[in-house]
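Asks: Would you mind keeping the following structure in view while I ask a few things?
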Amino acid sequence: MIDCKEQHERERAIHIAVANQRLEGLEPDAITIAELGRVAKGELTVEEVLRNLRRRIDAGEFQQVPAK
């Protein structure tokens with residue numbers, strides 16, 4: 001288990017990463033954000049989140065919106 005300081009630092013890093021994605025015009029999906037919250041708590045690793053995300057992409061959960 002991680003200590004409170006480490007969890008706070010992780011939460012801050014995740015908040016900044018998500019904010020950067022939004023500044024780029026991308027909206028991270030709710031499942032990925034929830035999994036990143038679990039990373040902050042020490043329940044998952046970043047590698048597990050990436051593996052889950054790749055699996056979801058391969059399963060077709062993310063569809064490209066046609067350009068207008």
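Identifiers in the structure tokens: chain A, B, ... in order shown; residue index from 1 per chain; ligand index from 1 in order shown.
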Give me the residues within 9 Å of His8 of chain A as an NGL selection string, counting only C-alpha atoms and dropping any in the same chain fewer than 4 places off.
Replies: :A and (3-4 or 12-13 or 40-41)
Asks: Since we have the selection now, will you write its residues out, keeping N, CA and C atoms, as an mmCIF file, in the first residue's frame?
Replies:
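File produced: selection-v4.cif:
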data_model
loop_
_atom_site.group_PDB
_atom_site.id
_atom_site.type_symbol
_atom_site.label_atom_id
_atom_site.label_comp_id
_atom_site.auth_asym_id
_atom_site.auth_seq_id
_atom_site.Cartn_x
_atom_site.Cartn_y
_atom_site.Cartn_z
ATOM 1 N N ASP A 3 1.654 5.408 0.782
ATOM 2 C CA ASP A 3 1.321 6.365 1.839
ATOM 3 C C ASP A 3 0.522 7.539 1.261
ATOM 4 N N CYS A 4 -0.003 8.369 2.145
ATOM 5 C CA CYS A 4 -0.865 9.490 1.742
ATOM 6 C C CYS A 4 -0.150 10.475 0.824
ATOM 7 N N ARG A 12 -2.334 14.120 -8.233
ATOM 8 C CA ARG A 12 -1.979 15.382 -8.881
ATOM 9 C C ARG A 12 -1.446 15.123 -10.295
ATOM 10 N N ALA A 13 -0.584 14.140 -10.443
ATOM 11 C CA ALA A 13 -0.026 13.812 -11.758
ATOM 12 C C ALA A 13 -1.130 13.377 -12.722
ATOM 13 N N ALA A 40 -3.675 5.773 -8.630
ATOM 14 C CA ALA A 40 -3.304 6.707 -7.566
ATOM 15 C C ALA A 40 -3.391 6.052 -6.189
ATOM 16 N N LYS A 41 -4.348 5.151 -6.027
ATOM 17 C CA LYS A 41 -4.529 4.467 -4.738
ATOM 18 C C LYS A 41 -3.618 3.259 -4.578
#
Asks: Excluding Ile2 of chain A and residues on its chain fewer than 4 positions from it, collect all residues at most 8 Å away from it, counting only C-alpha atoms, and give them as a PDB file with C-alpha atoms, in the first residue's frame.
Replies:
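File produced: result-v2.pdb:
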ATOM      1  CA  GLU A   6       2.514   9.269  -2.592  1.00  0.00           C
ATOM      2  CA  GLN A   7      -1.216   8.967  -3.279  1.00  0.00           C
ATOM      3  CA  LYS A  41      -4.529   4.467  -4.738  1.00  0.00           C
ATOM      4  CA  GLY A  42      -2.023   1.756  -5.585  1.00  0.00           C
TER       5      GLY A  42
END
Asks: Taking the chain letters and numbering used in this document, name the residues of segment 27-62 of chain A that DSSP puts in helix (DSSP H, G or I), as a compact mmCIF listing (two decimals) with C-alpha atoms, in the first residue's frame.
Replies:
# COMPACT_ATOMS: atom_id res chain seq x y z
CA ALA A 30 -14.76 7.58 -17.76
CA ILE A 31 -13.45 4.01 -17.43
CA THR A 32 -9.86 5.06 -18.05
CA ILE A 33 -10.15 7.98 -15.62
CA ALA A 34 -11.58 5.62 -12.99
CA GLU A 35 -8.75 3.15 -13.56
CA LEU A 36 -6.20 5.97 -13.23
CA GLY A 37 -7.83 6.81 -9.90
CA ARG A 38 -7.11 3.24 -8.87
CA VAL A 39 -3.48 3.74 -9.93
CA ALA A 40 -3.30 6.71 -7.57
CA VAL A 46 -0.11 2.14 -15.23
CA GLU A 47 0.84 -0.94 -17.25
CA GLU A 48 -2.46 -2.61 -16.28
CA VAL A 49 -4.42 0.48 -17.30
CA LEU A 50 -2.63 0.55 -20.66
CA ARG A 51 -3.24 -3.17 -21.18
CA ASN A 52 -6.95 -2.70 -20.38
CA LEU A 53 -7.16 0.29 -22.70
CA ARG A 54 -5.51 -1.60 -25.57
CA ARG A 55 -7.90 -4.52 -25.03
CA ARG A 56 -10.88 -2.14 -25.14
CA ILE A 57 -9.56 -0.49 -28.32
CA ASP A 58 -9.08 -3.92 -29.95
